[in-house]
$ cat model-v7.tsv   # TSV, C-alpha atoms
chain	number	residue	atom	x	y	z
A	1	MET	CA	-20.51	5.61	-17.25
A	2	SER	CA	-19.77	4.35	-13.72
A	3	HIS	CA	-21.52	6.16	-10.90
A	4	ALA	CA	-19.56	4.20	-8.30
A	5	PRO	CA	-17.02	6.94	-7.35
A	6	ALA	CA	-19.69	9.58	-6.76
A	7	LEU	CA	-21.95	7.07	-4.99
A	8	ARG	CA	-19.17	5.98	-2.69
A	9	GLY	CA	-18.17	9.53	-1.81
A	10	LEU	CA	-21.74	10.49	-0.99
A	11	LEU	CA	-22.28	7.36	1.09
A	12	LEU	CA	-19.13	8.05	3.11
A	13	LYS	CA	-20.66	11.40	3.98
A	14	THR	CA	-24.14	9.97	4.60
A	15	LEU	CA	-23.14	6.89	6.61
A	16	GLY	CA	-19.94	8.20	8.22
A	17	ARG	CA	-18.18	4.86	8.11
A	18	PRO	CA	-16.32	2.59	5.64
A	19	VAL	CA	-18.31	1.54	2.61
A	20	ILE	CA	-17.58	-0.67	-0.39
A	21	VAL	CA	-19.40	-0.06	-3.66
A	22	ARG	CA	-19.09	-2.69	-6.39
A	23	ALA	CA	-20.77	-2.98	-9.78
A	24	THR	CA	-23.07	-6.01	-9.88
A	25	ASP	CA	-25.67	-7.77	-12.00
A	26	GLY	CA	-27.93	-8.23	-8.98
A	27	ALA	CA	-31.49	-6.94	-8.80
A	28	PRO	CA	-31.69	-3.57	-7.01
A	29	VAL	CA	-33.80	-3.06	-3.90
A	30	LEU	CA	-33.50	0.72	-4.12
A	31	ASP	CA	-33.39	3.03	-7.15
A	32	LEU	CA	-31.57	6.36	-6.95
A	33	PRO	CA	-31.69	9.08	-9.59
A	34	ALA	CA	-28.56	10.00	-11.56
A	35	ASP	CA	-27.98	13.06	-9.37
A	36	LEU	CA	-27.94	10.70	-6.34
A	37	SER	CA	-30.58	12.68	-4.52
A	38	GLY	CA	-32.28	10.50	-1.96
A	39	ALA	CA	-29.12	8.58	-1.05
A	40	GLU	CA	-29.90	9.30	2.60
A	41	ALA	CA	-32.42	6.47	2.32
A	42	LEU	CA	-29.47	4.10	2.62
A	43	VAL	CA	-29.10	5.09	6.28
A	44	ASP	CA	-32.15	2.97	7.11
A	45	LEU	CA	-31.49	0.28	4.52
A	46	GLU	CA	-30.23	-3.06	5.74
A	47	LEU	CA	-26.77	-3.54	4.20
A	48	PRO	CA	-25.37	-5.18	2.19
A	49	ALA	CA	-27.88	-4.29	-0.48
A	50	VAL	CA	-28.03	-3.66	-4.20
A	51	VAL	CA	-28.96	-0.16	-5.35
A	52	ALA	CA	-29.40	1.21	-8.84
A	53	VAL	CA	-28.26	4.57	-10.21
A	54	ASP	CA	-29.48	5.55	-13.66
A	55	GLY	CA	-29.98	1.91	-14.57
A	56	HIS	CA	-26.61	0.68	-13.25
A	57	SER	CA	-26.62	-1.69	-10.25
A	58	TYR	CA	-24.15	-1.53	-7.36
A	59	GLU	CA	-23.72	-3.66	-4.27
A	60	VAL	CA	-23.17	-1.56	-1.17
A	61	SER	CA	-21.67	-3.06	1.96
A	62	THR	CA	-20.40	-1.35	5.08
A	63	THR	CA	-19.36	-1.88	8.68
A	64	SER	CA	-20.69	-0.53	11.94
A	65	ARG	CA	-17.25	-0.15	13.50
A	66	SER	CA	-15.75	3.21	14.37
A	67	GLU	CA	-14.51	5.68	11.78
A	68	ARG	CA	-10.75	5.37	12.27
A	69	GLU	CA	-10.57	1.59	12.61
A	70	ILE	CA	-9.04	-0.41	9.79
A	71	SER	CA	-12.00	-2.74	9.35
A	72	GLY	CA	-14.17	-2.22	6.29
A	73	ARG	CA	-11.66	-0.18	4.34
A	74	VAL	CA	-10.77	-0.64	0.69
A	75	ALA	CA	-7.01	-0.98	0.29
A	76	VAL	CA	-4.46	-1.56	-2.46
A	77	VAL	CA	-1.07	-3.15	-1.81
A	78	THR	CA	1.53	-2.86	-4.55
A	79	GLY	CA	4.00	-5.73	-4.66
A	80	GLY	CA	1.27	-7.67	-2.90
A	81	ALA	CA	1.89	-11.10	-4.39
A	82	GLN	CA	4.90	-12.04	-2.25
A	83	GLY	CA	7.11	-11.06	0.70
A	84	PHE	CA	6.07	-8.16	2.90
A	85	GLY	CA	3.33	-7.26	0.44
A	86	ALA	CA	1.64	-10.65	0.68
A	87	GLU	CA	1.76	-10.54	4.48
A	88	ILE	CA	0.32	-7.02	4.47
A	89	ALA	CA	-2.49	-8.08	2.11
A	90	LYS	CA	-3.35	-11.07	4.30
A	91	GLY	CA	-3.31	-8.98	7.46
A	92	LEU	CA	-5.62	-6.40	5.97
A	93	VAL	CA	-8.04	-9.08	4.79
A	94	ASP	CA	-7.97	-10.62	8.27
A	95	GLN	CA	-8.93	-7.21	9.66
A	96	GLY	CA	-11.99	-7.00	7.42
A	97	CYS	CA	-10.64	-4.98	4.50
A	98	PHE	CA	-11.25	-5.44	0.79
A	99	VAL	CA	-7.78	-5.60	-0.75
A	100	TYR	CA	-6.46	-5.08	-4.26
A	101	ILE	CA	-3.36	-7.23	-4.72
A	102	ALA	CA	-1.33	-5.33	-7.30
A	103	ASP	CA	1.86	-6.82	-8.68
A	104	LEU	CA	3.99	-7.04	-11.82
A	105	ASN	CA	3.60	-10.80	-11.40
A	106	GLY	CA	-0.02	-11.04	-12.50
A	107	ASP	CA	-0.20	-14.79	-12.03
A	108	GLY	CA	1.15	-14.43	-8.50
A	109	ALA	CA	-1.38	-11.70	-7.72
A	110	ALA	CA	-4.21	-13.89	-9.02
A	111	ALA	CA	-2.99	-16.86	-6.99
A	112	LYS	CA	-2.72	-14.78	-3.81
A	113	SER	CA	-6.20	-13.36	-4.43
A	114	ALA	CA	-7.63	-16.87	-4.83
A	115	GLU	CA	-5.84	-17.96	-1.65
A	116	LEU	CA	-7.17	-15.07	0.45
A	117	GLY	CA	-10.65	-15.07	-1.11
A	118	SER	CA	-11.91	-13.64	-4.37
A	119	ASP	CA	-14.86	-12.06	-2.54
A	120	VAL	CA	-12.56	-9.88	-0.42
A	121	THR	CA	-9.65	-9.33	-2.83
A	122	HIS	CA	-9.08	-8.37	-6.45
A	123	PRO	CA	-5.84	-8.98	-8.39
A	124	ILE	CA	-4.31	-6.32	-10.63
A	125	THR	CA	-1.31	-6.70	-12.91
A	126	VAL	CA	0.70	-3.47	-12.76
A	127	ASN	CA	4.16	-2.15	-13.51
A	128	VAL	CA	4.49	0.62	-10.94
A	129	ALA	CA	7.34	2.25	-12.87
A	130	ASP	CA	5.16	2.71	-15.98
A	131	GLU	CA	2.69	5.59	-15.89
A	132	ASP	CA	0.17	4.06	-18.29
A	133	SER	CA	0.10	0.89	-16.20
A	134	VAL	CA	-0.42	2.81	-12.95
A	135	ALA	CA	-3.17	4.91	-14.55
A	136	ALA	CA	-4.87	1.71	-15.70
A	137	MET	CA	-4.69	0.37	-12.13
A	138	ALA	CA	-6.40	3.51	-10.82
A	139	ALA	CA	-9.12	3.19	-13.45
A	140	GLU	CA	-9.72	-0.46	-12.56
A	141	ILE	CA	-10.05	0.36	-8.86
A	142	GLU	CA	-12.49	3.15	-9.68
A	143	ARG	CA	-14.52	0.78	-11.85
A	144	VAL	CA	-14.63	-2.10	-9.36
A	145	THR	CA	-15.18	-0.41	-5.98
A	146	GLY	CA	-15.64	3.24	-6.82
A	147	GLY	CA	-12.70	4.34	-4.71
A	148	LEU	CA	-10.47	3.31	-1.84
A	149	ASP	CA	-9.28	4.30	1.61
A	150	LEU	CA	-5.71	3.03	1.91
A	151	VAL	CA	-2.80	2.90	-0.53
A	152	VAL	CA	0.17	0.79	0.59
A	153	SER	CA	3.00	1.54	-1.82
A	154	ASN	CA	5.12	-1.50	-1.07
A	155	ALA	CA	6.70	-2.59	-4.38
A	156	GLY	CA	10.46	-2.22	-4.23
A	157	ILE	CA	13.74	-3.61	-5.45
A	158	VAL	CA	17.30	-3.89	-4.18
A	159	ARG	CA	20.43	-3.95	-6.32
A	160	ALA	CA	23.42	-3.91	-3.98
A	161	GLY	CA	26.89	-3.04	-5.17
A	162	SER	CA	29.87	-0.74	-4.74
A	163	VAL	CA	29.61	2.74	-6.22
A	164	LEU	CA	32.93	2.02	-7.90
A	165	GLU	CA	31.59	-1.03	-9.71
A	166	GLN	CA	27.80	-0.84	-10.07
A	167	ASP	CA	26.50	-0.31	-13.59
A	168	LEU	CA	24.17	2.57	-14.38
A	169	GLY	CA	21.30	0.27	-15.35
A	170	ALA	CA	21.12	-1.29	-11.89
A	171	PHE	CA	21.26	2.15	-10.26
A	172	GLN	CA	18.50	3.52	-12.46
A	173	LEU	CA	16.29	0.46	-11.92
A	174	SER	CA	16.42	1.04	-8.15
A	175	THR	CA	15.49	4.68	-8.67
A	176	ASP	CA	12.60	3.85	-11.01
A	177	ILE	CA	11.01	1.21	-8.76
A	178	ASN	CA	11.68	2.72	-5.33
A	179	TYR	CA	11.36	6.45	-6.06
A	180	VAL	CA	9.69	7.29	-9.39
A	181	ALA	CA	7.03	4.62	-8.88
A	182	PHE	CA	5.94	6.19	-5.59
A	183	PHE	CA	5.39	9.46	-7.44
A	184	LEU	CA	3.27	7.67	-10.06
A	185	VAL	CA	1.23	5.76	-7.49
A	186	THR	CA	0.55	8.93	-5.51
A	187	LYS	CA	-0.29	10.90	-8.64
A	188	HIS	CA	-2.92	8.51	-9.97
A	189	LEU	CA	-4.32	6.90	-6.82
A	190	GLY	CA	-4.02	10.16	-4.93
A	191	GLY	CA	-6.15	11.75	-7.64
A	192	LEU	CA	-8.83	9.14	-7.02
A	193	LEU	CA	-8.68	9.80	-3.28
A	194	ALA	CA	-8.97	13.55	-3.89
A	195	ARG	CA	-12.08	13.15	-6.06
A	196	GLN	CA	-13.65	10.87	-3.46
A	197	HIS	CA	-12.89	13.42	-0.74
A	198	GLU	CA	-14.54	16.20	-2.73
A	199	THR	CA	-17.69	14.15	-3.31
A	200	SER	CA	-17.91	13.22	0.37
A	201	GLY	CA	-17.80	16.86	1.37
A	202	GLY	CA	-14.56	16.33	3.30
A	203	ALA	CA	-16.13	13.75	5.58
A	204	TRP	CA	-13.51	11.05	5.17
A	205	LEU	CA	-9.74	10.78	5.79
A	206	THR	CA	-7.73	8.40	3.64
A	207	ASP	CA	-4.12	7.22	3.72
A	208	ILE	CA	-1.13	6.71	1.46
A	209	ILE	CA	1.63	4.73	3.16
A	210	GLN	CA	5.00	4.11	1.57
A	211	ILE	CA	6.79	1.01	2.81
A	212	ASN	CA	10.22	2.57	2.96
A	213	SER	CA	13.21	1.09	4.84
A	214	LYS	CA	15.63	1.76	7.65
A	215	SER	CA	17.97	2.49	4.72
A	216	GLY	CA	15.84	5.57	4.12
A	217	LEU	CA	16.94	6.83	7.55
A	218	VAL	CA	20.63	5.90	7.60
A	219	GLY	CA	23.13	5.24	4.82
A	220	SER	CA	23.85	1.70	3.64
A	221	ASN	CA	27.39	0.62	2.75
A	222	LYS	CA	27.73	-0.68	-0.83
A	223	ASN	CA	23.99	-0.25	-1.25
A	224	ALA	CA	23.80	3.38	-2.28
A	225	ALA	CA	21.26	2.95	-5.08
A	226	TYR	CA	18.73	1.50	-2.65
A	227	ALA	CA	19.44	3.87	0.24
A	228	GLY	CA	19.42	6.92	-2.02
A	229	SER	CA	16.07	5.99	-3.52
A	230	LYS	CA	14.62	5.39	-0.06
A	231	PHE	CA	15.98	8.69	1.32
A	232	GLY	CA	14.33	10.33	-1.66
A	233	GLY	CA	11.11	8.50	-0.89
A	234	ILE	CA	10.92	10.14	2.53
A	235	GLY	CA	11.38	13.52	0.86
A	236	LEU	CA	8.42	12.69	-1.35
A	237	VAL	CA	6.37	11.55	1.65
A	238	GLN	CA	6.93	14.84	3.46
A	239	SER	CA	6.24	16.92	0.35
A	240	PHE	CA	3.16	14.96	-0.69
A	241	ALA	CA	1.84	15.20	2.88
A	242	LEU	CA	1.93	18.99	2.72
A	243	GLU	CA	0.00	19.00	-0.55
A	244	MET	CA	-2.46	16.16	-0.05
A	245	VAL	CA	-3.73	17.25	3.38
A	246	GLU	CA	-6.15	19.64	1.66
A	247	HIS	CA	-7.66	16.57	-0.03
A	248	GLY	CA	-8.11	14.69	3.25
A	249	VAL	CA	-5.18	12.36	2.52
A	250	LYS	CA	-2.53	11.53	5.12
A	251	VAL	CA	0.83	10.51	3.64
A	252	ASN	CA	3.30	8.62	5.82
A	253	ALA	CA	6.15	6.13	5.56
A	254	ILE	CA	6.99	2.98	7.47
A	255	CYS	CA	10.68	2.16	7.66
A	256	PRO	CA	11.08	-1.54	8.48
A	257	GLY	CA	14.28	-3.23	9.47
A	258	ASN	CA	15.52	-6.25	7.59
A	259	PHE	CA	12.92	-8.89	6.68
A	260	TYR	CA	15.19	-11.91	6.79
A	261	ASP	CA	12.60	-14.58	6.11
A	262	GLY	CA	11.31	-13.16	2.84
A	263	PRO	CA	12.69	-13.76	-0.66
A	264	LEU	CA	14.36	-10.34	-0.75
A	265	TRP	CA	16.88	-11.59	1.78
A	266	SER	CA	16.66	-15.36	1.69
A	267	ASP	CA	16.34	-16.23	-2.00
A	268	PRO	CA	19.24	-18.69	-2.56
A	269	VAL	CA	20.17	-17.13	-5.91
A	270	LYS	CA	19.28	-13.43	-5.85
A	271	GLY	CA	18.67	-12.76	-2.13
A	272	LEU	CA	20.49	-10.03	-0.26
A	273	PHE	CA	22.38	-12.54	1.88
A	274	VAL	CA	23.89	-13.88	-1.33
A	275	GLN	CA	24.39	-10.43	-2.86
A	276	TYR	CA	26.11	-9.10	0.26
A	277	LEU	CA	28.30	-12.16	0.54
A	278	GLU	CA	29.40	-11.88	-3.09
A	279	SER	CA	29.93	-8.10	-2.94
A	280	GLY	CA	32.10	-8.37	0.17
A	281	LYS	CA	29.84	-6.04	2.11
A	282	VAL	CA	30.34	-8.05	5.32
A	283	PRO	CA	34.06	-8.24	6.17
A	284	GLY	CA	35.26	-11.78	6.89
A	285	ALA	CA	31.94	-13.45	6.00
A	286	ARG	CA	32.44	-16.80	4.30
A	287	THR	CA	28.86	-18.09	4.21
A	288	VAL	CA	25.30	-16.81	4.03
A	289	ALA	CA	24.91	-17.80	7.69
A	290	ASP	CA	27.81	-15.48	8.56
A	291	VAL	CA	26.06	-12.60	6.79
A	292	LYS	CA	22.78	-13.26	8.58
A	293	GLU	CA	24.46	-13.45	11.98
A	294	PHE	CA	26.25	-10.16	11.26
A	295	TYR	CA	22.99	-8.36	10.58
A	296	GLU	CA	21.03	-9.90	13.46
A	297	SER	CA	23.76	-8.79	15.87
A	298	LYS	CA	23.04	-5.15	14.96
A	299	VAL	CA	19.42	-5.35	16.20
A	300	PRO	CA	18.76	-4.85	19.93
A	301	MET	CA	15.70	-7.14	19.62
A	302	ARG	CA	18.01	-9.75	18.02
A	303	ARG	CA	15.73	-10.55	15.08
A	304	GLY	CA	14.58	-9.17	11.78
A	305	ALA	CA	11.31	-7.38	11.13
A	306	THR	CA	8.21	-9.41	10.30
A	307	GLY	CA	5.02	-8.75	8.41
A	308	VAL	CA	3.12	-8.52	11.70
A	309	ASP	CA	5.45	-5.73	12.87
A	310	VAL	CA	4.71	-3.74	9.72
A	311	LEU	CA	0.97	-4.43	9.93
A	312	ARG	CA	0.81	-3.04	13.45
A	313	ALA	CA	2.47	0.14	12.18
A	314	ILE	CA	-0.09	0.37	9.35
A	315	TYR	CA	-2.96	0.00	11.81
A	316	TYR	CA	-1.49	2.74	13.98
A	317	ILE	CA	-1.07	5.16	11.08
A	318	VAL	CA	-4.61	4.60	9.81
A	319	GLU	CA	-6.15	4.97	13.25
A	320	GLN	CA	-4.05	8.05	14.08
A	321	ALA	CA	-5.97	10.93	12.55
A	322	TYR	CA	-3.45	13.61	13.55
A	323	GLU	CA	-0.16	12.50	11.94
A	324	THR	CA	1.05	13.04	8.41
A	325	GLY	CA	4.46	13.35	6.77
A	326	GLN	CA	6.07	10.96	9.26
A	327	ALA	CA	8.63	8.19	8.76
A	328	LEU	CA	7.99	5.53	11.40
A	329	PRO	CA	10.89	3.17	12.17
A	330	VAL	CA	10.02	-0.49	12.72
A	331	THR	CA	13.55	-1.72	13.28
A	332	GLY	CA	13.73	-3.47	16.65
A	333	GLY	CA	15.76	-0.56	17.95
A	334	GLN	CA	18.42	-0.69	15.24
A	335	VAL	CA	17.48	2.81	14.13
A	336	MET	CA	15.98	5.07	16.78
A	337	MET	CA	14.05	8.30	16.32
A	338	ASN	CA	15.74	11.52	17.47

$ encode --input "model-v7.tsv" --output "structure tokens"
Amino acid sequence: MSHAPALRGLLLKTLGRPVIVRATDGAPVLDLPADLSGAEALVDLELPAVVAVDGHSYEVSTTSRSEREISGRVAVVTGGAQGFGAEIAKGLVDQGCFVYIADLNGDGAAAKSAELGSDVTHPITVNVADEDSVAAMAAEIERVTGGLDLVVSNAGIVRAGSVLEQDLGAFQLSTDINYVAFFLVTKHLGGLLARQHETSGGAWLTDIIQINSKSGLVGSNKNAAYAGSKFGGIGLVQSFALEMVEHGVKVNAICPGNFYDGPLWSDPVKGLFVQYLESGKVPGARTVADVKEFYESKVPMRRGATGVDVLRAIYYIVEQAYETGQALPVTGGQVMMN
């Protein structure tokens, strides 16, 4: 039996700041009984340190920075092996987080973890549209670090096409990955956050952030499957926020503009520039360059969104203790809040 979840929750209450608890084979410097009485001794213990609970050893590390800062948090990023997800994972590591890189591409997740540092990341192979796979991800996180502070539900897919021509399979795939998967991620990882919150005595706020899209705020011509799933995602964000607040979990969405430099747009075979050119979504466009110019001209800031833009929004949401159920545009002015 792992005592890590209960230990982490109690330490969040005792220390009042981010803490990482990981199972280890190291020799303990402090023994705690199975009921975790005496955990307050960790307040005066120099961390990181190895503690034992009922014969099981755990490494405990923490940070002295303030409660709402991003540093020291345990995060998971779905779709973290490439694109926006990879940039988010790197940015969180750079800010002092321990990051689970979760992706259907297990080899890619492992490679990204090795690149960013196996001591500060952990790869997980997951199909976010499959409930058993998502449940297994939650169990692995609970086993490795005993809990987490930040869920970035980033995995997504785009299948553009006219409503008059798109096949049902492509429409359903968009719904499964962009909408149903967010439900599954919130169900299983949100359950872990809720248990952690209960153990900590309500002393710790955590976050679930869906990486949505500007297409979740305004319709998208010949891209209804994607836009519909993203509109639905914001409905889930608002509804989950109302429910999860009692468990100390803030639920928000970030709605980025177009990320032109990533594979979603720029892949020479399956990228959106190619898809939109072939579907005739941009009138008069003859080349991929024409499509890109068309979309850049719609943005007052005259460029697409970047990973840094999204990271700044994540930092804001985590540090803002008063907001939940929000959909934050990061669109360079292309879509403005009313």

$ residues_around --input "model-v7.tsv" --residues "Gly146 (chain A)" --least-positions-apart "4" --cutoff "6 Å" --atoms "only C-alpha atoms" --output "ChimeraX atom specification"
/A:4-5,21,142

$ atom_distance --input "model-v7.tsv" --atom1 "CA of Glu59 (chain A)" --atom2 "CA of Val151 (chain A)"
22.2 Å

$ atom_distance --input "model-v7.tsv" --atom1 "CA of Leu150 (chain A)" --atom2 "CA of Tyr226 (chain A)"
24.9 Å

$ residues_around --input "model-v7.tsv" --residues "Tyr100 (chain A)" --least-positions-apart "5" --cutoff "7 Å" --atoms "only C-alpha atoms" --output "JSON, numbers by chain"
{"A": [75, 76, 77, 121, 122, 123, 124]}

$ write_last_selection --input "model-v7.tsv" --atoms "C-alpha atoms" --output "mmCIF file, in the coordinates of the input"
data_model
loop_
_atom_site.group_PDB
_atom_site.id
_atom_site.type_symbol
_atom_site.label_atom_id
_atom_site.label_comp_id
_atom_site.auth_asym_id
_atom_site.auth_seq_id
_atom_site.Cartn_x
_atom_site.Cartn_y
_atom_site.Cartn_z
ATOM 1 C CA ALA A 75 -7.010 -0.980 0.290
ATOM 2 C CA VAL A 76 -4.460 -1.560 -2.460
ATOM 3 C CA VAL A 77 -1.070 -3.150 -1.810
ATOM 4 C CA THR A 121 -9.650 -9.330 -2.830
ATOM 5 C CA HIS A 122 -9.080 -8.370 -6.450
ATOM 6 C CA PRO A 123 -5.840 -8.980 -8.390
ATOM 7 C CA ILE A 124 -4.310 -6.320 -10.630
#

$ closest_residue --input "model-v7.tsv" --among "A:Gly280, A:Gly257, A:Gly83, A:Gly55" --to "Met336 (chain A)" --atoms "only C-alpha atoms"
A:Gly257

$ residues_around --input "model-v7.tsv" --residues "region 188-202 of chain A" --least-positions-apart "2" --cutoff "7 Å" --atoms "all atoms listed in the file" --output "PyMOL selection string"
chain A and resi 5-6+9-10+12-13+134-135+138+147-148+184-186+204+247-248

$ write_last_selection --input "model-v7.tsv" --atoms "C-alpha atoms" --output "PDB file, in the frame of the given file"
ATOM      1  CA  PRO A   5     -17.020   6.940  -7.350  1.00  0.00           C
ATOM      2  CA  ALA A   6     -19.690   9.580  -6.760  1.00  0.00           C
ATOM      3  CA  GLY A   9     -18.170   9.530  -1.810  1.00  0.00           C
ATOM      4  CA  LEU A  10     -21.740  10.490  -0.990  1.00  0.00           C
ATOM      5  CA  LEU A  12     -19.130   8.050   3.110  1.00  0.00           C
ATOM      6  CA  LYS A  13     -20.660  11.400   3.980  1.00  0.00           C
ATOM      7  CA  VAL A 134      -0.420   2.810 -12.950  1.00  0.00           C
ATOM      8  CA  ALA A 135      -3.170   4.910 -14.550  1.00  0.00           C
ATOM      9  CA  ALA A 138      -6.400   3.510 -10.820  1.00  0.00           C
ATOM     10  CA  GLY A 147     -12.700   4.340  -4.710  1.00  0.00           C
ATOM     11  CA  LEU A 148     -10.470   3.310  -1.840  1.00  0.00           C
ATOM     12  CA  LEU A 184       3.270   7.670 -10.060  1.00  0.00           C
ATOM     13  CA  VAL A 185       1.230   5.760  -7.490  1.00  0.00           C
ATOM     14  CA  THR A 186       0.550   8.930  -5.510  1.00  0.00           C
ATOM     15  CA  TRP A 204     -13.510  11.050   5.170  1.00  0.00           C
ATOM     16  CA  HIS A 247      -7.660  16.570  -0.030  1.00  0.00           C
ATOM     17  CA  GLY A 248      -8.110  14.690   3.250  1.00  0.00           C
TER      18      GLY A 248
END

$ closest_atom_pairs --input "model-v7.tsv" --of "region 55-137 of chain A" --to "region 304-320 of chain A" --cutoff "9 Å" --atoms "all atoms listed in the file" --output "JSON lines"
{"residue": "A:Glu67", "atom": "CA", "partner": "A:Glu319", "partner_atom": "CA", "distance": 8.5}
{"residue": "A:Arg68", "atom": "CA", "partner": "A:Glu319", "partner_atom": "CA", "distance": 4.7}
{"residue": "A:Glu69", "atom": "CA", "partner": "A:Glu319", "partner_atom": "CA", "distance": 5.6}
{"residue": "A:Ile70", "atom": "CA", "partner": "A:Tyr315", "partner_atom": "CA", "distance": 6.4}
{"residue": "A:Gly83", "atom": "CA", "partner": "A:Gly307", "partner_atom": "CA", "distance": 8.3}
{"residue": "A:Phe84", "atom": "CA", "partner": "A:Gly307", "partner_atom": "CA", "distance": 5.6}
{"residue": "A:Gly85", "atom": "CA", "partner": "A:Gly307", "partner_atom": "CA", "distance": 8.3}
{"residue": "A:Ala86", "atom": "CA", "partner": "A:Gly307", "partner_atom": "CA", "distance": 8.6}
{"residue": "A:Glu87", "atom": "CA", "partner": "A:Gly307", "partner_atom": "CA", "distance": 5.4}
{"residue": "A:Ile88", "atom": "CA", "partner": "A:Leu311", "partner_atom": "CA", "distance": 6.1}
{"residue": "A:Gly91", "atom": "CA", "partner": "A:Leu311", "partner_atom": "CA", "distance": 6.7}
{"residue": "A:Leu92", "atom": "CA", "partner": "A:Leu311", "partner_atom": "CA", "distance": 7.9}

$ residues_around --input "model-v7.tsv" --residues "Ile20 (chain A)" --least-positions-apart "4" --cutoff "7 Å" --atoms "all atoms listed in the file" --output "mmCIF file with C-alpha atoms, in the coordinates of the input"
data_model
loop_
_atom_site.group_PDB
_atom_site.id
_atom_site.type_symbol
_atom_site.label_atom_id
_atom_site.label_comp_id
_atom_site.auth_asym_id
_atom_site.auth_seq_id
_atom_site.Cartn_x
_atom_site.Cartn_y
_atom_site.Cartn_z
ATOM 1 C CA VAL A 60 -23.170 -1.560 -1.170
ATOM 2 C CA SER A 61 -21.670 -3.060 1.960
ATOM 3 C CA THR A 62 -20.400 -1.350 5.080
ATOM 4 C CA VAL A 74 -10.770 -0.640 0.690
ATOM 5 C CA THR A 145 -15.180 -0.410 -5.980
#

$ atom_distance --input "model-v7.tsv" --atom1 "CA of Glu296 (chain A)" --atom2 "CA of Asp261 (chain A)"
12.1 Å

$ residues_around --input "model-v7.tsv" --residues "Gly117 (chain A)" --least-positions-apart "2" --cutoff "12 Å" --atoms "only C-alpha atoms" --output "VMD selection string"
chain A and resid 89 to 90 93 to 94 96 to 101 109 to 115 119 to 123

$ closest_residue --input "model-v7.tsv" --among "A:Asn127, A:Ser279, A:Ser213, A:Ser37" --to "Arg159 (chain A)" --atoms "all atoms listed in the file"
A:Ser279
